[in-house]
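What follows is a single structure, written as structure tokens, with notes after it.
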Amino acid sequence: MDLNTKFTPKSWPDHPETATMEAKNKFVGFWLFLGGETILFATLFATYLALRNSVPSGNDFSTQTLFELPLVFVMTMLLLTSSLTSVYAMYHMKNYNFKAMQVWLAITGFLGLGFLGFEVYEFHHYISLGFTYGNSAFSSAFYTLVGTHGLHVAIGLVWLSLLILRNARRGLNLYNATKYYTFSLYWHFIDVVWVFIFTVVYLMGVVG
Amino acid sequence: MTTAANTVAQKKGFGATLWDWLTTVDHKKIGILYLIGGGFFFVLGGIEALMIRLQLLVPNNDFVSAGFFNELITMHGTTMIFLAAMPLLFGFMNAIVPLQIGARDVAFPFINSLGFWMFFFGGLFLNLSWFIDAAPDAGWTSYASLSLASTGHGIDFYAIGLQIAGGGTLMAGINFLVTIINMRAPGMTYMRMPLFTWTTFVASALILFAFPPLTVGLFFLTFDRMFGGNFFDVDYGGNTIIWEHIFWIFGHPEVYILVLPSFGIFSEIFTIFSRKRLFGYSAMVFATVLIGFLGFMVWAHHMFTVGLGPTANAIFAVATMAIAVPTGVKIFNWLLTMWGGSIRVTTPMLYALGFIPSFVMGGVTGVQQGAAPLDYQLHDSYFIVAHFHYVIVGGVVLAILAATHLYWPKMFGTMLSEKLGKVTFWFFFIGFHMTFFLQHFLGLMGMPRRVWTYNADQGWDLFNMISSAGALLMAIGVIVMVINIIMTTAKNERVGNDPWEDGRTLEWAIPSPPPFYNFAQTPLVRGLDTYWIEKQDGNKKGYIPAEPLSDIHMPHGSFIPFVMSLGLFIAGFGAMFRVEHSWGLPVLIAGLVLTFLSMSLRSVKDDLGFYVTKEEILRTERGSK
Amino acid sequence: MAHDIEIIEKTPAEYNYKKRNADRAMRGQLMMFALMIFMTLISFTAVQAGFSPLFVIPVILLLAAVQVGLQLYYFMHMKEEGHGLPAMFMYTGVLIAFLTVLTFVTIVWW
Amino acid sequence: MMKGLKKWRFPAMLAALALVLSGCGENYLSTLRPAGEVGREQFNLLILTSLIMLLVILVVVVIYVAALVKFRRSRLGEDHMPQDVEGSHKLEFIWTAIPIVLLLIIAIPTVYYTYKLGDVSAMEKADEEGNPEHLVVDVTAKLYWWEFEYPEYGIVTAQELVVPTDEKVYFNLKAADVKHSFWIPAIGGKMDTNVDNLNKFYLVFDEESKDLKDGVFYGKCAELCGPSHALMDFKVKTMNRDDFDGWVAAMKDTENQVADKDSSDAGEAAFAQSCIGCHATSAVGSTGAAGPNMATFGDRNRVAGYLDHNKENIVNWVQDPQKYKPGNLMPAFDSLSDEDLDAIADYLLGLKVEE
Ligand code: HEA
Ligand code: HEA
Ligand code: CUA
Ligand SMILES: [Cu+2]
């Protein structure tokens with residue numbers, strides 16, 4: 001395949017993300033990777049549930065005293081919206097509308113950045129209260145679960161920036177269409193994990 | 001860079017050859033690298049085993065100290081499982097599976113190479129613990145209360161080394177999965193895949209689901225020991241049972257990751273040397289999948305004595321026993337494959353024949369352990385040691401040795417000596433039963449495992465001595481095999497496509513060793529045992545091409561996997577010595593930066609591979625005739 | 001292999017058909033998004049309203065599961081063709097994930 | 001094969017196998033010579049499963065040998081082309097069904113005994129006066145020694161567990177530092193002592209131990225717990241209820257037996273000087289001491305759980321405990337004079353509650 005093969009919206013395949021053998025491999029491989037990630041997060045969730053509110057005596061941090069829902073709600077909205085914007089980006093990718101795709105991706109990135117900013121603020125706030133990583137089993141489990149998710153967001157942002165910058169002048173082709181597509185899968189997956197985090201960690205935490 | 005991967009290696013200087021191996025992404029070469037790496041660690045683990053047996057030769061022995069003994073067993077178990085058995089199997093999977101499905105390469109050649117180098121550097125990291133500070137000493141299971149209490153950096157080496165090697169394994173697993181899903185030749189439906197391919201597929205799926213928990217567990221351990229985490233520290237609200245669950249959620253599937261490919265290898269051997277198709281092929285496939293699936297439901301049988309309560313114990317006991325059924329289906333199908341066949345007892349077949357009774361013995365003791373109340377007696381006694389060496393050595397190691405003889409001609413183009421092969425077998429086989437059979441009784445007679453020494457006159461002296469003598473016989477067997485390999489390589493008598501004469505699957509249809517692009521034309525598959533069908537139909541070429549001869553697209557070699565793994569290796573040291581040395585943190589960061597920079601380099605620098613021209617293919621094909 | 005890619009020019013009719021389909025799909029996605037936001041709102045309100053945990057927890061867990069299903073099936077296109085294998089692996093993953101979580105909330109104790 | 005196996009033969013085979021196996025190992029240590037109800041139930045399960053397993057192995061080996069004999073290429077000729085068969089549903093059904101049946105035979109007693117052995121509901125039961133109905137022993141496993149507390153009687157001992165015969169004895173198991181596992185092979189299966197929680201189980205002791213070789217059953221630590229895991233042995237003395245009650249009374253009598261610095265006994269004085277901080281000499285108390293309780297030291301069978309019980313070993317031990325149990329938590333007392341050591345050893349050997 002030649003990278004410089006130029007497509008038009010009319011010659012652009014219906015499924016550019018799986019149009020070549022390499023693309024098919026990447027597509028399947030990435031889905032499998034997400035299958036593995038499911039277990040990774042499940043283990044983290046399981047551990048968190050087992051250690052939730054498990055603190056040494058004399059330490060009175062608990063989900064109920066710690067978590068504040070308004071912040072979490074804003075974060076949730078940011079991330080959910082970014083999921084939608086990345087859907088828009090893929091919509092334009094499939095229509096071979098490179099510019100629009102890049103714009104929607106950039107928006108996705110900014111929403112993600114906003115989310116991450118709030119998360120950093122949240123962690124910073126907890127730490128200033130004395131709820132540090134080493135405070136208790138509860139704190140370790142909390143930071144590791146939520147932090148691993150945050151790390152995924154951060155990695156996603158780096159990935160996205162590289163994609164946007166690297167291809168800015170090249171435009172869409174069958175070589176990078178899969179890369180964009182797998183990125184969007186990844187981004188949705190991060191959202192999936194967050195849905196469970198806000199439910200299991202924050203909402204259930206506040207309920208008690 | 002290496003457009004010249006096709007120029008024959010002999011013409012190159014040492015530097016170029018080395019560079020070629022460091023950068024190769026060819027699945028056949030990576031297979032060989034895995035064999036070299038795994039073989040090295042197998043000998044290392046074997047030497048550790050010999051030292052264990054030497055220490056236990058007589059009561060109150062002081063050949064090694066108590067602390068050193070614990071390091072020995074830990075490193076023996078860890079090395080054998082993660083750095084010997086699995087990589088050796090990966091070696092054969094890499095070398096053979098793409099050929100069996102008629103592919104030119106694996107789905108992700110780059111990731112394949114990355115997987116190897118991560119395994120290699122992880123193993124190196126782990127074993128450097130012998131020279132730096134201390135080796136891990138909390139058993140290969142590294143139960144949390146002890147592994148947190150262990151002083152020195154031993155456990156840190158374990159956690160970080162396995163993390164790196166485990167990452168490599170996960171990548172290898174995904175790579176095999178996608179290869180088998182996407183790269184099959186036309187006509188190669190799932191139900192026409194050779195059993196070795198099937199078992200590789202299921203084992204890789206197990207890797208995909210079992211290794212993430214290990215990753216998480218090791219992270220917890222790393223954080224608890226090095227970064228102030230409290231997952232397992234009871235004083236801070238932590239819980240050590242979590243580690244046990246996580247470890248065995250990984251650990252039990254792990255043993256099936258080992259044994260399923262071994263089953264696959266034996267399935268190939270039974271069909272080839274019985275000159276008969278596999279009896280009950282679809283049942284075999286189904287059993288493989290079922291074993292893989294059930295493998296995830298039984299982990300707590302390692303924790304019967306932990307105090308999970310009768311309900312949990314009962315559920316896991318019954319689930320455990322269920323695995324005997326699909327495994328039995330396999331055993332009987334193999335027997336019936338032989339039945340009515342024309343059995344030729346070559347060296348590989350000899351191993352397969354040795355495997356059946358040995359593995360059944362190991363399997364049935366497993367079922368006994370699955371009976372929870374009985375396991376209260378057996379757990380952590382030498383009975384367990386006997387059980388798992390019967391299944392691992394009698395199943396996995398025999399399979400590896402068998403595959404070495406079976407696939408050597410395919411991988412290297414020369415036949416290992418049959419005579420020496422049989423000598424190896426008999427020494428190894430007799431030594432194996434001598435070592436481990438009596439250990440069942442040692443366990444029943446009250447001997448706990450992982451004991452550094454024992455007092456005389458508890459009734460264990462004689463059996464231990466016999467057991468130790470057996471280990472020596474195994475060592476002789478392995479040494480004979482090494483001699484065999486050296487002699488064969490020196491003689492270098494070339495063999496043709498199908499040296500065993502009764503080959504059935506696609507890998508036997510092409511030259512030994514295959515050209516770097518494997519199949520000049522992608523084959524068309526018409527049924528199970530493709531090559532056999534074509535042979536029966538008198539097809540001289542060995543397979544029907546599914547495409548006209550045309551240029552072949554191949555990936556470039558790359559040095560990046562090596563550098564990425566090196567970066568992680570360096571970062572590991574930084575993480576470990578972060579607290580006591582000021583250089584720790586910078587080294588940690590530098591290593592990670594190296595890894596991520598080379599990774600981004602890879603994703604930014606497009607690598608579209610190169611084409612092998614038609615003429616070149618024709619030249620090569622003629623040359624190999 | 002890669003170099004076999006043929007470039008097929010769509011006829012205007014085909015192109016319009018594709019475009020219409022894509023637009024319809026996109027409207028569907030938007031609907032799903034609205035639904036997700038709605039469910040999120042319900043979850044947060046249910047918790048804020050202070051109903052009994054015995055009621056709230058199952059409800060929010062259910063909503064989370066549904067929402068995740070929507071993400072997977074719509075946003076990640078798992079409902080579309082060619083996703084049988086990814087779906088199979090995801091389901092297996094989810095099953096094992098469920099078992100893991102179940103274990104940790106039942107037989108890890110103090 | 002199954003045809004020849006008439007109904008009555010099965011129990012007979014069970015008995016035969018049991019007989020053969022019970023020749024194995026020492027009666028104070030072997031799971032094959034059970035001396036208690038729990039161990040016996042487990043042993044029966046062992047015999048039952050072993051027989052079934054032997055049957056499985058036999059079937060496999062018979063088919064295997066027959067195939068090997070009948071279908072060798074050397075017999076059939078080089079050119080023999082076997083007929084390809086795809087499989088056989090009938091056969092496949094058979095070898096799925098029969099193992100399932102065999103497994104059910106194992107599964108039923110397995111589940112039954114899992115619940116039976118896990119039943120500790122009687123532990124908390126008390127009679128009208130509030131006295132517990134059953135003997136409960138709290139076991140604490142520590143880096144390389146065992147502490148046994150009898151909460152009902154307010155006494156504590158170490159290294160040697162003393163229990164009455166012919167009744168259920170319940171155990172609370174806990175580890176103080178890292179995980180260990182409590183195992184008396186001849187009496188019954190083990191249970192882990194976790195650091196996280198209490199584990200509970202029961203054992204029954206049938207046989208009085210005085211007739212055994214050392215007069216005790218052997219107990220082992222079965223979970224890797226550090227360098228001296230191999231040496232973390234303990235001993236079990238079993239006696240009839242009357243003797244046991246006598247022993248308890250004697251233990252209670254040590255209430256005020258505290259080593260005195262000013263004692264005329266040089267050993268006692270030296271002990272009070274250096275050792276009392278970790279080793280109590282009165283059996284009345286509770287768990288939690290840094291070192292083993294010494295109130296019954298003279299009655300014991302071993303020094304530090306595994307060394308022969310003589311003066312020389314005591315002296316050697318005190319001078320350099322690390323040499324004998326690497327990693328244990330007792331500091332070396334190499335500065336004590338030989339006389340002091342000698343006197344301490346004598347003093348310790350004199351600490352007895354049995355005649
Ligand atoms: C290749 C590795 C491998 C394999 C294949 C197996 C296979 C099995 N294992 Fe094993 N096992 C280990 C490796 C393996 N194991 C290791 C390494 C450990 C110890 C880890 C540690 O603590 O360090 C261990 C420990 C272990 C335990 C924990 C013991 C303890 O610590 O207390 C248990 C308990 O149930 C168990 C059970 C089984 C069972 C039921 C099988 C079954 O899959 C076996 C099935 C096979 C057969 C049964 C034979 C063929 C069947 C027939 C011929 C049909 C008819 C049979 C019947 C009706 C019975 N194993
Ligand atoms: C793949 C897995 C695997 C394999 C192949 C083996 C192979 C062997 N094992 Fe291993 N073993 C384990 C996995 C394995 N083991 C595990 C997981 C444990 C538990 C660890 C723990 O408790 O944490 C264990 C524990 C274990 C113990 C119990 C330790 C204890 O509890 O105290 C013993 C004791 O006998 C033992 C012995 C042996 C022996 C004699 C071999 C033999 O089969 C080895 C044969 C190989 C050789 C003898 C090498 C020969 C080579 C040479 C001699 C060099 C030749 C020289 C040149 C080529 C230059 N092993
Ligand atoms: Cu305590 Cu082993
Ligand atoms: Cu297991």
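Convention: chains lettered A, B, ... in structure tokens order; per-chain residue numbering from 1; ligands numbered from 1 as shown.
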What residues have any atom no more than 7 Å from ligand 2 when counting only C-alpha atoms and all ligand atoms, and can you list them as a PyMOL selection string?
chain B and resi 42-43+45-47+49-50+52-53+73-74+76-78+80-81+84-85+139-141+382+385+389+392-393+397+432+435+449-452+471-472+474-476+478-479+482
Provide as number ranges by chain the residues of chain C at most 7 Å from chain A, counting only C-alpha atoms.
C: 1-3, 5, 7-10, 15, 33, 47, 53, 57, 60-61, 64, 68, 71, 75-76, 86, 89-90, 93-94, 97, 100-101, 104-105, 108
Identify, with DSSP run on backbone atoms, the residues in stretch 425-570 of chain B assigned to helix (DSSP H, G or I), and express the list as a ChimeraX atom specification.
/B:425-444,461-491,506-509,530-536,560-570
Grab the residues selected above and save them as a PDB file, in the first residue's frame with C-alpha atoms.
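What landed in again.pdb:
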ATOM      1  CA  PHE B 425      14.467 -40.151  27.166  1.00  0.00           C
ATOM      2  CA  TRP B 426      15.225 -43.165  29.279  1.00  0.00           C
ATOM      3  CA  PHE B 427      17.521 -41.346  31.650  1.00  0.00           C
ATOM      4  CA  PHE B 428      15.077 -38.520  32.009  1.00  0.00           C
ATOM      5  CA  PHE B 429      11.999 -40.681  32.307  1.00  0.00           C
ATOM      6  CA  ILE B 430      13.390 -43.089  34.880  1.00  0.00           C
ATOM      7  CA  GLY B 431      14.986 -40.269  36.808  1.00  0.00           C
ATOM      8  CA  PHE B 432      11.718 -38.373  36.781  1.00  0.00           C
ATOM      9  CA  HIS B 433       9.683 -41.187  38.298  1.00  0.00           C
ATOM     10  CA  MET B 434      12.403 -41.951  40.767  1.00  0.00           C
ATOM     11  CA  THR B 435      12.502 -38.361  41.925  1.00  0.00           C
ATOM     12  CA  PHE B 436       8.862 -37.648  42.236  1.00  0.00           C
ATOM     13  CA  PHE B 437       6.983 -40.904  42.813  1.00  0.00           C
ATOM     14  CA  LEU B 438       8.158 -41.357  46.358  1.00  0.00           C
ATOM     15  CA  GLN B 439       7.441 -37.737  47.151  1.00  0.00           C
ATOM     16  CA  HIS B 440       3.740 -38.608  47.262  1.00  0.00           C
ATOM     17  CA  PHE B 441       4.478 -40.832  50.217  1.00  0.00           C
ATOM     18  CA  LEU B 442       6.825 -38.352  51.826  1.00  0.00           C
ATOM     19  CA  GLY B 443       3.942 -35.929  51.844  1.00  0.00           C
ATOM     20  CA  LEU B 444       1.528 -38.439  53.260  1.00  0.00           C
ATOM     21  CA  ASP B 461      15.444 -40.474  55.060  1.00  0.00           C
ATOM     22  CA  LEU B 462      15.455 -43.245  52.484  1.00  0.00           C
ATOM     23  CA  PHE B 463      12.830 -41.782  50.189  1.00  0.00           C
ATOM     24  CA  ASN B 464      14.565 -38.441  50.093  1.00  0.00           C
ATOM     25  CA  MET B 465      17.789 -40.086  49.147  1.00  0.00           C
ATOM     26  CA  ILE B 466      16.198 -42.000  46.287  1.00  0.00           C
ATOM     27  CA  SER B 467      14.454 -38.856  45.171  1.00  0.00           C
ATOM     28  CA  SER B 468      17.732 -36.978  45.015  1.00  0.00           C
ATOM     29  CA  ALA B 469      19.385 -39.768  43.063  1.00  0.00           C
ATOM     30  CA  GLY B 470      16.620 -39.552  40.489  1.00  0.00           C
ATOM     31  CA  ALA B 471      17.322 -35.887  39.897  1.00  0.00           C
ATOM     32  CA  LEU B 472      20.824 -36.825  38.908  1.00  0.00           C
ATOM     33  CA  LEU B 473      19.519 -39.186  36.247  1.00  0.00           C
ATOM     34  CA  MET B 474      17.395 -36.380  34.827  1.00  0.00           C
ATOM     35  CA  ALA B 475      20.472 -34.194  34.681  1.00  0.00           C
ATOM     36  CA  ILE B 476      22.360 -36.886  32.782  1.00  0.00           C
ATOM     37  CA  GLY B 477      19.481 -37.075  30.339  1.00  0.00           C
ATOM     38  CA  VAL B 478      19.581 -33.346  29.714  1.00  0.00           C
ATOM     39  CA  ILE B 479      23.337 -33.393  29.288  1.00  0.00           C
ATOM     40  CA  VAL B 480      23.047 -36.170  26.704  1.00  0.00           C
ATOM     41  CA  MET B 481      20.566 -34.013  24.840  1.00  0.00           C
ATOM     42  CA  VAL B 482      22.936 -31.067  24.853  1.00  0.00           C
ATOM     43  CA  ILE B 483      25.635 -33.343  23.434  1.00  0.00           C
ATOM     44  CA  ASN B 484      23.162 -34.518  20.835  1.00  0.00           C
ATOM     45  CA  ILE B 485      22.439 -30.954  19.794  1.00  0.00           C
ATOM     46  CA  ILE B 486      26.115 -30.070  19.538  1.00  0.00           C
ATOM     47  CA  MET B 487      26.941 -33.182  17.516  1.00  0.00           C
ATOM     48  CA  THR B 488      24.006 -32.745  15.189  1.00  0.00           C
ATOM     49  CA  THR B 489      24.869 -29.147  14.551  1.00  0.00           C
ATOM     50  CA  ALA B 490      28.463 -30.048  13.832  1.00  0.00           C
ATOM     51  CA  LYS B 491      27.519 -32.801  11.399  1.00  0.00           C
ATOM     52  CA  LEU B 506       1.255 -27.491   6.428  1.00  0.00           C
ATOM     53  CA  GLU B 507       4.611 -26.901   8.099  1.00  0.00           C
ATOM     54  CA  TRP B 508       5.862 -30.165   6.601  1.00  0.00           C
ATOM     55  CA  ALA B 509       4.966 -29.046   3.087  1.00  0.00           C
ATOM     56  CA  THR B 530      -3.856 -30.329   4.618  1.00  0.00           C
ATOM     57  CA  TYR B 531      -0.485 -31.684   3.703  1.00  0.00           C
ATOM     58  CA  TRP B 532      -1.630 -35.251   4.248  1.00  0.00           C
ATOM     59  CA  ILE B 533      -4.568 -34.712   1.916  1.00  0.00           C
ATOM     60  CA  GLU B 534      -2.312 -33.309  -0.781  1.00  0.00           C
ATOM     61  CA  LYS B 535       0.144 -36.159  -0.341  1.00  0.00           C
ATOM     62  CA  GLN B 536      -2.664 -38.678  -0.704  1.00  0.00           C
ATOM     63  CA  ILE B 560      13.366  -0.541  18.953  1.00  0.00           C
ATOM     64  CA  PRO B 561      11.995  -3.569  20.855  1.00  0.00           C
ATOM     65  CA  PHE B 562      15.413  -4.178  22.308  1.00  0.00           C
ATOM     66  CA  VAL B 563      15.779  -0.556  23.375  1.00  0.00           C
ATOM     67  CA  MET B 564      12.275  -0.391  24.834  1.00  0.00           C
ATOM     68  CA  SER B 565      12.917  -3.457  26.947  1.00  0.00           C
ATOM     69  CA  LEU B 566      16.304  -2.152  27.967  1.00  0.00           C
ATOM     70  CA  GLY B 567      14.632   1.045  29.111  1.00  0.00           C
ATOM     71  CA  LEU B 568      12.275  -0.881  31.372  1.00  0.00           C
ATOM     72  CA  PHE B 569      15.185  -2.918  32.662  1.00  0.00           C
ATOM     73  CA  ILE B 570      17.054   0.246  33.596  1.00  0.00           C
TER      74      ILE B 570
END
Do you know which residues are within 10 Å of ligand 3 using only C-alpha atoms and all ligand atoms? Can you write them as a ChimeraX atom specification?
/B:448-451 /D:141-146,175,177-182,192-193,220-233
Find the distance between atom CA of D:Leu104 and atom CA of D:Ile187 and write it in Å to one decimal.
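Answer for the atom CA of D:Leu104 to atom CA of D:Ile187 separation: 27.0 Å.
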Pick out the residues no farther than 6 Å from ligand 1, counting only C-alpha atoms and all ligand atoms, and list them as a PyMOL selection string.
(chain B and resi 255-256+258-259+301-302+320-321+323-325+327-328+331+360+363-364+366-367+369-370+375+378-380+384+388+391-392) or (chain D and resi 53+56+99+102-103)
Would you put the residues from that selection into a file with N, CA, C and O atoms, as a CSV table (one decimal), in the first residue's frame?
chain,number,residue,atom,x,y,z
B,255,VAL,N,-1.1,-22.7,34.9
B,255,VAL,CA,-0.6,-24.0,34.7
B,255,VAL,C,-1.3,-24.6,33.5
B,255,VAL,O,-0.7,-25.5,32.8
B,256,TYR,N,-2.5,-24.1,33.1
B,256,TYR,CA,-3.1,-24.6,31.9
B,256,TYR,C,-2.5,-23.9,30.7
B,256,TYR,O,-2.4,-24.5,29.6
B,258,LEU,N,0.6,-23.6,30.5
B,258,LEU,CA,1.7,-24.5,30.2
B,258,LEU,C,1.3,-25.7,29.6
B,258,LEU,O,1.9,-26.2,28.6
B,259,VAL,N,0.2,-26.3,30.1
B,259,VAL,CA,-0.1,-27.7,29.7
B,259,VAL,C,-0.9,-27.8,28.4
B,259,VAL,O,-0.7,-28.7,27.6
B,301,HIS,N,-8.8,-23.7,44.8
B,301,HIS,CA,-8.4,-25.0,45.3
B,301,HIS,C,-6.9,-24.9,45.9
B,301,HIS,O,-6.5,-25.8,46.5
B,302,HIS,N,-6.3,-23.8,45.6
B,302,HIS,CA,-4.9,-23.6,46.2
B,302,HIS,C,-5.1,-23.0,47.6
B,302,HIS,O,-4.1,-22.8,48.3
B,320,THR,N,-13.2,-28.0,40.6
B,320,THR,CA,-11.9,-28.5,40.3
B,320,THR,C,-12.0,-29.9,39.7
B,320,THR,O,-11.4,-30.2,38.7
B,321,MET,N,-12.8,-30.7,40.3
B,321,MET,CA,-13.0,-32.1,39.8
B,321,MET,C,-13.5,-32.1,38.4
B,321,MET,O,-13.1,-33.0,37.6
B,323,ILE,N,-12.7,-30.6,35.9
B,323,ILE,CA,-11.7,-30.5,34.8
B,323,ILE,C,-11.2,-31.9,34.4
B,323,ILE,O,-10.7,-32.0,33.3
B,324,ALA,N,-11.4,-32.8,35.3
B,324,ALA,CA,-10.9,-34.2,35.0
B,324,ALA,C,-11.6,-34.7,33.7
B,324,ALA,O,-11.1,-35.5,33.0
B,325,VAL,N,-12.9,-34.3,33.5
B,325,VAL,CA,-13.7,-34.8,32.5
B,325,VAL,C,-13.1,-34.4,31.1
B,325,VAL,O,-12.8,-35.3,30.3
B,327,THR,N,-10.2,-33.4,30.4
B,327,THR,CA,-8.9,-33.9,30.2
B,327,THR,C,-8.9,-35.4,29.9
B,327,THR,O,-8.1,-35.9,29.1
B,328,GLY,N,-9.9,-36.1,30.6
B,328,GLY,CA,-10.0,-37.5,30.3
B,328,GLY,C,-10.4,-37.7,28.8
B,328,GLY,O,-9.8,-38.6,28.1
B,331,ILE,N,-7.3,-37.7,26.9
B,331,ILE,CA,-6.4,-38.9,27.1
B,331,ILE,C,-7.0,-40.0,26.2
B,331,ILE,O,-6.3,-40.7,25.5
B,360,VAL,N,-1.4,-38.9,33.5
B,360,VAL,CA,-2.6,-39.4,34.2
B,360,VAL,C,-2.3,-39.5,35.6
B,360,VAL,O,-3.1,-39.1,36.5
B,363,GLY,N,-2.4,-36.1,37.0
B,363,GLY,CA,-3.8,-35.6,37.0
B,363,GLY,C,-4.7,-36.1,38.1
B,363,GLY,O,-5.4,-35.4,38.7
B,364,VAL,N,-4.6,-37.4,38.3
B,364,VAL,CA,-5.5,-38.0,39.3
B,364,VAL,C,-5.1,-37.6,40.7
B,364,VAL,O,-6.0,-37.4,41.5
B,366,GLY,N,-4.1,-34.7,41.3
B,366,GLY,CA,-4.7,-33.4,41.3
B,366,GLY,C,-6.2,-33.4,41.7
B,366,GLY,O,-6.7,-32.7,42.5
B,367,VAL,N,-6.9,-34.4,41.2
B,367,VAL,CA,-8.3,-34.6,41.6
B,367,VAL,C,-8.4,-34.9,43.1
B,367,VAL,O,-9.3,-34.5,43.8
B,369,GLN,N,-6.4,-33.9,45.4
B,369,GLN,CA,-6.2,-32.6,46.1
B,369,GLN,C,-7.5,-31.8,46.0
B,369,GLN,O,-7.7,-31.0,46.8
B,370,GLY,N,-8.2,-32.0,44.9
B,370,GLY,CA,-9.4,-31.2,44.7
B,370,GLY,C,-10.5,-31.5,45.7
B,370,GLY,O,-11.4,-30.8,46.0
B,375,ASP,N,-7.5,-32.5,51.0
B,375,ASP,CA,-6.5,-31.5,50.7
B,375,ASP,C,-6.0,-30.8,52.0
B,375,ASP,O,-4.9,-30.4,52.1
B,378,LEU,N,-3.2,-32.8,52.5
B,378,LEU,CA,-2.1,-32.8,51.4
B,378,LEU,C,-1.5,-31.5,51.2
B,378,LEU,O,-0.3,-31.4,50.9
B,379,HIS,N,-2.3,-30.4,51.5
B,379,HIS,CA,-1.8,-29.1,51.1
B,379,HIS,C,-0.4,-28.8,51.8
B,379,HIS,O,-0.2,-29.1,52.9
B,380,ASP,N,0.4,-28.1,51.0
B,380,ASP,CA,1.8,-27.7,51.5
B,380,ASP,C,2.6,-28.9,52.0
B,380,ASP,O,3.4,-28.7,52.8
B,384,ILE,N,2.0,-32.4,47.2
B,384,ILE,CA,1.7,-31.4,46.2
B,384,ILE,C,2.9,-31.3,45.3
B,384,ILE,O,2.7,-31.2,44.1
B,388,PHE,N,2.5,-31.7,41.2
B,388,PHE,CA,2.8,-30.7,40.1
B,388,PHE,C,4.0,-31.1,39.3
B,388,PHE,O,4.0,-30.7,38.2
B,391,VAL,N,2.6,-33.5,36.7
B,391,VAL,CA,1.9,-32.8,35.5
B,391,VAL,C,2.8,-31.9,34.8
B,391,VAL,O,2.8,-31.9,33.5
B,392,ILE,N,3.7,-31.2,35.5
B,392,ILE,CA,4.6,-30.3,34.8
B,392,ILE,C,5.7,-31.0,34.0
B,392,ILE,O,5.9,-30.8,32.9
D,53,MET,N,-8.7,-43.7,41.6
D,53,MET,CA,-7.6,-43.2,40.7
D,53,MET,C,-6.8,-44.4,40.2
D,53,MET,O,-6.4,-44.4,39.0
D,56,VAL,N,-8.7,-45.7,37.4
D,56,VAL,CA,-8.6,-44.9,36.2
D,56,VAL,C,-7.2,-45.2,35.5
D,56,VAL,O,-7.1,-45.4,34.3
D,99,PRO,N,-16.3,-41.1,33.8
D,99,PRO,CA,-15.6,-40.2,34.7
D,99,PRO,C,-16.5,-39.3,35.5
D,99,PRO,O,-16.3,-39.1,36.7
D,102,LEU,N,-17.7,-41.4,38.3
D,102,LEU,CA,-16.6,-41.6,39.3
D,102,LEU,C,-16.4,-40.3,40.1
D,102,LEU,O,-16.2,-40.3,41.4
D,103,LEU,N,-16.5,-39.2,39.5
D,103,LEU,CA,-16.3,-37.9,40.2
D,103,LEU,C,-17.4,-37.6,41.2
D,103,LEU,O,-17.2,-37.1,42.2
Taking only C-alpha atoms and all ligand atoms into account, which residues are within 8 Å of ligand 4, as a PyMOL selection string?
chain B and resi 248+251-253+255+295+298-302
Quick one: distance from atom CA of B:Phe40 to atom CA of B:Ala403 in Å, one decimal?
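So the two atoms, atom CA of B:Phe40 and atom CA of B:Ala403, lie 16.8 Å apart.
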